[in-house]
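Here is the structure we will look at, set down as structure tokens.
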Amino acid sequence: MKHYILFIWGVLLSTFVLGQNSKYQEFFVGTYTSEGAEGINLCKLNTETGEINLENTFTGIENPSFLRLSPNKKFLYAVSEAGDAGSFVYAYEVVNNELKFLNKQSSNGQGPCHVDVSSKGSYVAVACYGGGTTSIYPVLKNGKLMEAFITNVNSGTGPVKDRQAKPHAHSIKFSPFESLVFSADLGTDQLDIYQLNFGGLKKAEQKFVKLPPGSGPRHFDFHPNGKVIYVINELNSTVSAIRKEGNDWKVFQNISTLPKDFKGESYCADIHVSKDGKYVYGSNRGHNSIAVFEVNPTDQSLKLLETVSVEGNWPRNFGITPDGTRMLVANQRSSNITVFNIDKETGRLEFTGKEIKLPAPVCIEFL
């Protein structure tokens, strides 16, 4: 009887502790050390109050501007925009919320700006803005990166001469629905498509989706139905909706991320689709807002609901908490991360009044 009581007490205590801990959501922050940051930050969000605390800072990496965790959350991969010293992608093991450096590999191009991990954690992909290249790296079971088994060198130009004189691969992502890899190239106005199979990568049967001239595709996200991709375009502040029709991907809508009466300069950055596929969010740098779109349930076209001030300057990347209730926005130039409530019924945002000051935050990755 005594052992039974102790067992029940232990279960209740464990449940209490887990309940207490569940109100916290930890996340990593990518930064620019060239703008005063020290490295990769680990922060903790109180999901009840919206308050954020800085837990730790991991140094020894230059300009870790974009981060991605492996699906099992055991490994973190970060690009390092190291300039003339050489550009790299770093691999870390996450041990008790500490980062243990594993190894690094060349990014095979200047200005690596985006990294992604395949659904099983077997591959890491990197896009280089300066070099216009994309690379795929096999991942060992211990999380270390092998040398890239393929590097694609993009070609082409666009009509915006000061931004599109050459290719600028700005993002790369593994499709969660099939063995395809997509990459947005700002310099060529294309969403490039590759086929990943048997440890190799080749151009897919449809090699790319051509986007409006001068649009400058930057980031993109997938609708949960697997048939629609939303691409946010930096240069003309729009979102292009792309649908799979038969075996081909085709643009079926281009919609502005800005209010009709806005006259200033603004450049889009990041985009995310809500888990239920009902809403799409995009960041405007210059207008300094998040554009909130409602997704038509029939054809997945977009309708702009509102643009909400980010309460900061130059919103680079932003993240939606795993439970879908809050959004964290990394404002690069005002050096703050701001917290918003998400109304799950309407998709609309409300500033909580909570923020944390951190030098040059540019990426949010939830642990």
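Here, A, B, ... name the chains of the structure tokens in the order displayed, residue numbers run from 1 inside each chain, and ligands are numbered from 1 in the same displayed order.
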Problem set entry | Non-local contacts of Gly143 of chain A (8 Å; only C-alpha atoms; under 2 positions in same chain excluded) as a list in words | Phe75, Ala91, Tyr92, Glu93, Leu102, Val139, Leu140, Lys141 and Leu145 of chain A
Task: Per-residue DSSP, segment 89-177 of chain A, filtered to strand (DSSP E), as a PyMOL selection string - done: chain A and resi 89-95+98-106+112-117+123-128+133-138+150-153+169-174
Show which residues sit within 9 Å of Gly226 of chain A, as a PyMOL selection string. Count only C-alpha atoms, and ignore same-chain residues fewer than 5 positions away. chain A and resi 175-178+244
### For Asn46 of chain A: contacts at 12 Å, only C-alpha atoms, fewer than 2 positions along chain excluded, given as a PyMOL selection string
chain A and resi 20-27+43-44+48-54+321+326+339+354-355
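Here atom CA of Tyr194 of chain A and atom CA of Pro71 of chain A stand 21.3 Å from one another.
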Computed gap from atom CA of Asn97 of chain A to atom CA of Ile290 of chain A is 29.9 Å
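Considering the residues A:Glu55, A:Asp248, A:Lys202, A:Ala291 and counting only C-alpha atoms, Ile356 of chain A has its shortest atom-to-atom contact with A:Glu55.
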